[in-house]
Amino acid sequence: MSDDKKIEKLELMRHSTAHVMAEAVLQLFPGAKIAIGPSIENGFYYDFDLPRSITTEDLEKISDVMREIIKEKKDFVRTEVSKAEALNMFADQPYKLELINGLPEGEVISTYNQGGFTDLCRGPHVENSGQLNPQSFKLLSIAGAYWRGDESRPMLQRIYGTAWTNPKDLRMHLQHLEEMEKRDHRKLGKELDLFSLHEEAGPGLVYWHPKGARIRLAIEDFWRKEHYKNGYEMVYTPHVGKAWLWETSGHLDFYKEGMFNSMEMDASDYYAKPMNCPFHILIYNNTKRSYRELPCRWAELGTVYRYEKSGVLHGLMRVRGFTQDDAHIICTPEQMADEISETLRFSLFMLRSFGFTEFKAYLATKPTSGKSVGEQSKWDAAIESLRAAIEKEGLEYDVDEGGGAFYGPKIDLKIKDAMGRAWQLSTIQFDFNLPERFKMTFVDHDGKEKQPYVIHRALLGSIERFFGVLIEHFGGAFPVWLSPVQVCVIPVAAPFDDYAKKVASDLKEAGLRVEVDLSDLRMNAKIRNAQNQKIPYMLIIGEKEEEEKAVSVRLRTGKQTNGVPFADFLSMINEKIEKQELI
RNA sequence: GCCAGAAUAGCUCAGGGGUAGAGCAGCUCACUCGUAAUGAGCAGGUCAAGGGUUCGAAUCCCUUUUCUGGCUCCA
């Protein structure tokens, strides 16, 4: 069977399992109202309106009933009905009635019956519940979900499940979930002492511990070096600005709910910045600009503050204060296409440097409804340049028609991490709003003042989120160029402490991040600790090493090489760091 | 924000109306050890915060805070 066929079959099974679950829930909760139940990645869910909250014990009971239903080997029978018949059939199911009434005129309405349960459903389904395996699904979690995703509508109870063709695949999936739990950046952040959050000091605000800070500095140093290489300049701007700035930029009109409340000083309102753009524009507007100066590429690791709803905060991935690896490119219309193409190339280079190899681009075009700013011709040119850049890089991409912001089209880049999960990191975005609002100009060849293009871009996105993604991608075992501790020197016993200290200080002198374990633990325990800290190199130091001026190298993989001359080790590790090897 | 669950030592967790528990980490002492945990001892707590019920609350109830899983996948 081809991969596509397999996936199709899985989707049928998952969707059908959702129907079986709905039947089971209706058996256990007569009078339950059912909403929708699609197949999703790795499984399915179904939304219910129930008289009481479901508990994890209920999931067991529901699963038992589901297994009974599957064993009865009932046919899934498709029936096409008229709208009137459908309304009649689902008279006591208000959510279904809403769906039926929402269907376009002339649409074929179909139902699927599996014996004790009939659902409004487009299908298709498996032919018989006997094609489902009672041992290869599992109900995973209960969650609240708004009817039709609309927070003004009732909150339903959603049951998530996973389903596979056979028990082995289910087991593998459950193992995969366990592995993801182990790699959770919140867990590893604690275990490796990288960062913390403090509810008493404010949720969603990140504290970088010394080891986390070392990684951040390694990232930032690399980032700055590459930006200078690629023709960027660094700027620094304030963290707060007066209301005038945010009124001019439009943030107070369009983004106020996303901002921290104002603070009053000398009868003026100041706001913490939710974005860096207006500040960069003030720098631009500081003097009259010539076409000869463009493009301006100004980058800043700019820390911004945004009010995120309390329920959406999540470790480092969604926070209220974060540092964008931001830049604004201000250029002439003639330069625009090259700038976009170059920015996309640079973005891919940066992400590949951290070991990401799979990318997908999303091109978001002009909103079809509602307001948008900027002339149509500018939108067209901008979208074309974005598309051309994606195609030049040979990236797979989807077009999100109408998905752009009101102020301009954009490319979002999603990467896949080592666990196969997608994360949106980079974004390259046109802004037709700010040049207008801040009356940005440059003097062109012909002596006339013209409006420049402003391109907003972040490659890593936010340093906090990027760090979270990196932690999970590497499972905490960072490549040596990023490791907070690159080498741990371990004397086998106290008499060799002095030589161990010498080795450590020589490595430190050479610019490496080194620790030496002089505790009175046994060597085995020291190795175990270093191993748990996922330190890439352990140097074991004893009598032989001291005599030979050598080190014994143990990798965190367990591999070891004894009697390596110190100088050889130093040049080997330096080379790996220099090349940013992703071991 | 909304729905559901959770909060006990620095960490991981047990307990559950009647004197607060373990392992690890920490500290002290002994051991001086060759590739994933040496041993003994000591210390560590307003059981998230506030209120209520009770002779008595960490335990039951209410409120608040924070965290977790969701609220994107469209019959």
# chains A, B, ... in the order shown; residues from 1 in each chain; ligands from 1
>>> interface_residues(of="chain A", to="chain B", cutoff="8 Å", atoms="only C-alpha atoms (C1' of nucleotides)", output="JSON, numbers by chain")
{"A": [36, 38, 40, 41, 53, 96, 99, 120, 121, 122, 141, 142, 143, 144, 145, 146, 148, 149, 151, 155, 156, 157, 199, 203, 309, 310, 311, 492, 493, 494, 495, 522, 523, 524, 525, 527, 528, 529, 531, 540, 542, 554, 560]}
>>> select_by_dssp(residues="range 188-347 of chain A", states="alpha helix (DSSP H)", output="JSON, numbers by chain")
{"A": [188, 189, 190, 191, 210, 211, 212, 213, 214, 215, 216, 217, 218, 219, 220, 221, 222, 223, 224, 225, 226, 227, 228, 229, 243, 244, 245, 246, 247, 248, 249, 251, 252, 253, 254, 277, 278, 279, 280, 281, 282, 283, 284, 285, 333, 334, 335, 336, 337, 338, 339, 340, 341, 342, 343, 344, 345, 346, 347]}
>>> atom_distance(atom1="CA of Gly115 in chain A", atom2="CA of Asp75 in chain A")
7.3 Å
>>> residues_around(residues="range 22-26 of chain B", least_positions_apart="4", cutoff="8 Å", atoms="only C-alpha atoms (C1' of nucleotides)", output="list in words")
G10, C11, U12 and A14 of chain B
>>> select_by_dssp(residues="range 245-468 of chain A", states="strand (DSSP E or B)", output="NGL selection string")
:A and (263-265 or 268-272 or 290 or 296-305 or 314 or 318 or 321-331 or 358-364 or 397-400 or 405 or 408 or 410-416 or 422-431 or 442-443 or 449-450 or 453-462)
>>> closest_residue(among="A:Gly204, A:Gly402, A:Pro104, A:Gly461", to="Leu351 in chain A", atoms="only C-alpha atoms")
A:Gly461
>>> residues_around(residues="Leu301 in chain A", least_positions_apart="5", cutoff="7 Å", atoms="only C-alpha atoms (C1' of nucleotides)", output="ChimeraX atom specification")
/A:323-326
>>> atom_distance(atom1="CA of Met263 in chain A", atom2="CA of Arg437 in chain A")
24.1 Å
>>> atom_distance(atom1="CA of Glu546 in chain A", atom2="CA of Leu570 in chain A")
16.1 Å
>>> closest_residue(among="B:C27, B:U46, B:G41, B:G51", to="U64 in chain B", atoms="only C-alpha atoms (C1' of nucleotides)")
B:G51
>>> residues_around(residues="Val25 in chain A", least_positions_apart="6", cutoff="9 Å", atoms="only C-alpha atoms (C1' of nucleotides)", output="mmCIF file with all heavy atoms, in the first residue's frame")
data_model
loop_
_atom_site.group_PDB
_atom_site.id
_atom_site.type_symbol
_atom_site.label_atom_id
_atom_site.label_comp_id
_atom_site.auth_asym_id
_atom_site.auth_seq_id
_atom_site.Cartn_x
_atom_site.Cartn_y
_atom_site.Cartn_z
ATOM 1 N N ALA A 32 -27.087 13.233 25.897
ATOM 2 C CA ALA A 32 -25.930 14.068 25.559
ATOM 3 C C ALA A 32 -26.169 14.718 24.202
ATOM 4 O O ALA A 32 -26.801 14.139 23.325
ATOM 5 C CB ALA A 32 -24.677 13.215 25.514
ATOM 6 N N PHE A 48 -18.751 17.183 22.912
ATOM 7 C CA PHE A 48 -20.058 16.854 23.493
ATOM 8 C C PHE A 48 -20.523 17.955 24.434
ATOM 9 O O PHE A 48 -19.716 18.623 25.060
ATOM 10 C CB PHE A 48 -19.968 15.563 24.319
ATOM 11 C CG PHE A 48 -19.449 14.382 23.564
ATOM 12 C CD1 PHE A 48 -18.099 14.036 23.632
ATOM 13 C CD2 PHE A 48 -20.297 13.615 22.788
ATOM 14 C CE1 PHE A 48 -17.612 12.952 22.936
ATOM 15 C CE2 PHE A 48 -19.816 12.513 22.091
ATOM 16 C CZ PHE A 48 -18.472 12.187 22.164
ATOM 17 N N ILE A 62 -15.899 4.625 28.821
ATOM 18 C CA ILE A 62 -16.202 4.897 27.415
ATOM 19 C C ILE A 62 -15.409 3.945 26.516
ATOM 20 O O ILE A 62 -15.947 3.369 25.567
ATOM 21 C CB ILE A 62 -15.907 6.371 27.066
ATOM 22 C CG1 ILE A 62 -16.844 7.296 27.854
ATOM 23 C CG2 ILE A 62 -16.062 6.617 25.572
ATOM 24 C CD1 ILE A 62 -16.439 8.760 27.844
ATOM 25 N N VAL A 65 -16.962 0.484 26.470
ATOM 26 C CA VAL A 65 -18.155 0.413 25.611
ATOM 27 C C VAL A 65 -17.737 0.435 24.146
ATOM 28 O O VAL A 65 -18.277 -0.295 23.306
ATOM 29 C CB VAL A 65 -19.122 1.566 25.926
ATOM 30 C CG1 VAL A 65 -20.301 1.560 24.950
ATOM 31 C CG2 VAL A 65 -19.621 1.463 27.365
ATOM 32 N N MET A 66 -16.738 1.255 23.831
ATOM 33 C CA MET A 66 -16.264 1.335 22.436
ATOM 34 C C MET A 66 -15.789 -0.031 21.953
ATOM 35 O O MET A 66 -16.069 -0.446 20.824
ATOM 36 C CB MET A 66 -15.129 2.355 22.315
ATOM 37 C CG MET A 66 -15.600 3.795 22.383
ATOM 38 S SD MET A 66 -14.220 4.957 22.482
ATOM 39 C CE MET A 66 -13.507 4.812 20.853
#
>>> residues_around(residues="Ile415 in chain A", least_positions_apart="5", cutoff="9 Å", atoms="only C-alpha atoms (C1' of nucleotides)", output="list in words")
Leu351, Phe356, Thr357, Glu358, Phe359, Lys360, Ala361, Arg421, Ala422, Trp423, Gln424, Leu425 and Ser426 of chain A
>>> write_last_selection(atoms="all heavy atoms", output="compact mmCIF listing (two decimals), in the first residue's frame")
# COMPACT_ATOMS: atom_id res chain seq x y z
N LEU A 351 18.69 29.03 10.22
CA LEU A 351 18.00 27.87 10.79
C LEU A 351 18.77 26.58 10.54
O LEU A 351 18.85 25.72 11.40
CB LEU A 351 16.58 27.78 10.21
CG LEU A 351 15.69 28.98 10.58
CD1 LEU A 351 14.36 28.90 9.85
CD2 LEU A 351 15.45 29.04 12.09
N PHE A 356 18.24 22.53 11.74
CA PHE A 356 16.91 22.29 11.17
C PHE A 356 17.05 22.09 9.67
O PHE A 356 17.78 22.83 9.01
CB PHE A 356 15.97 23.45 11.48
CG PHE A 356 15.79 23.66 12.95
CD1 PHE A 356 16.34 24.75 13.59
CD2 PHE A 356 15.10 22.72 13.70
CE1 PHE A 356 16.19 24.92 14.96
CE2 PHE A 356 14.94 22.89 15.07
CZ PHE A 356 15.49 23.99 15.71
N THR A 357 16.38 21.06 9.16
CA THR A 357 16.58 20.74 7.75
C THR A 357 15.28 20.77 6.97
O THR A 357 15.29 20.83 5.75
CB THR A 357 17.19 19.34 7.60
OG1 THR A 357 16.39 18.43 8.37
CG2 THR A 357 18.62 19.31 8.13
N GLU A 358 14.16 20.68 7.67
CA GLU A 358 12.89 20.65 6.95
C GLU A 358 12.14 21.96 7.13
O GLU A 358 11.94 22.41 8.25
CB GLU A 358 12.01 19.52 7.49
CG GLU A 358 12.42 18.17 6.98
CD GLU A 358 11.40 17.13 7.42
OE1 GLU A 358 10.26 17.18 6.93
OE2 GLU A 358 11.75 16.29 8.26
N PHE A 359 11.77 22.56 6.01
CA PHE A 359 11.11 23.86 6.07
C PHE A 359 9.85 23.85 5.23
O PHE A 359 9.76 23.14 4.24
CB PHE A 359 12.03 24.95 5.52
CG PHE A 359 13.38 24.96 6.17
CD1 PHE A 359 14.46 24.32 5.57
CD2 PHE A 359 13.57 25.57 7.39
CE1 PHE A 359 15.70 24.32 6.17
CE2 PHE A 359 14.80 25.57 8.01
CZ PHE A 359 15.87 24.94 7.39
N LYS A 360 8.93 24.67 5.64
CA LYS A 360 7.79 24.91 4.77
C LYS A 360 7.42 26.38 4.88
O LYS A 360 7.43 26.95 5.98
CB LYS A 360 6.61 24.03 5.18
CG LYS A 360 5.47 24.17 4.20
CD LYS A 360 4.49 23.04 4.29
CE LYS A 360 3.38 23.29 3.27
NZ LYS A 360 2.26 22.38 3.44
N ALA A 361 7.11 26.99 3.75
CA ALA A 361 6.80 28.41 3.73
C ALA A 361 5.29 28.62 3.58
O ALA A 361 4.60 27.80 2.98
CB ALA A 361 7.53 29.08 2.58
N ARG A 421 7.73 17.78 15.00
CA ARG A 421 6.72 18.83 15.24
C ARG A 421 7.08 20.10 14.50
O ARG A 421 8.26 20.44 14.35
CB ARG A 421 6.64 19.14 16.73
CG ARG A 421 5.91 18.08 17.51
CD ARG A 421 6.15 18.25 18.96
NE ARG A 421 7.57 18.30 19.23
CZ ARG A 421 8.07 18.50 20.43
NH1 ARG A 421 7.29 18.71 21.45
NH2 ARG A 421 9.38 18.51 20.62
N ALA A 422 6.05 20.81 14.04
CA ALA A 422 6.28 22.03 13.28
C ALA A 422 6.26 23.23 14.21
O ALA A 422 5.47 23.30 15.15
CB ALA A 422 5.20 22.17 12.22
N TRP A 423 7.16 24.18 13.96
CA TRP A 423 7.20 25.42 14.73
C TRP A 423 7.36 26.57 13.77
O TRP A 423 8.19 26.52 12.87
CB TRP A 423 8.41 25.44 15.68
CG TRP A 423 8.39 24.36 16.69
CD1 TRP A 423 9.05 23.17 16.62
CD2 TRP A 423 7.70 24.37 17.94
NE1 TRP A 423 8.80 22.44 17.76
CE2 TRP A 423 7.97 23.15 18.58
CE3 TRP A 423 6.87 25.30 18.58
CZ2 TRP A 423 7.45 22.82 19.82
CZ3 TRP A 423 6.36 24.97 19.82
CH2 TRP A 423 6.65 23.74 20.42
N GLN A 424 6.60 27.61 13.99
CA GLN A 424 6.82 28.79 13.18
C GLN A 424 7.89 29.65 13.83
O GLN A 424 7.76 30.05 14.98
CB GLN A 424 5.55 29.61 13.03
CG GLN A 424 5.72 30.63 11.92
CD GLN A 424 5.00 31.92 12.18
OE1 GLN A 424 3.80 31.92 12.35
NE2 GLN A 424 5.74 33.03 12.20
N LEU A 425 8.95 29.92 13.11
CA LEU A 425 10.03 30.73 13.67
C LEU A 425 10.14 32.02 12.86
O LEU A 425 9.81 33.09 13.34
CB LEU A 425 11.34 29.96 13.66
CG LEU A 425 11.34 28.65 14.49
CD1 LEU A 425 12.64 27.90 14.32
CD2 LEU A 425 11.12 28.94 15.97
N SER A 426 10.61 31.90 11.62
CA SER A 426 10.89 33.11 10.83
C SER A 426 9.62 33.74 10.28
O SER A 426 8.65 33.06 9.97
CB SER A 426 11.78 32.76 9.65
OG SER A 426 12.88 32.01 10.06
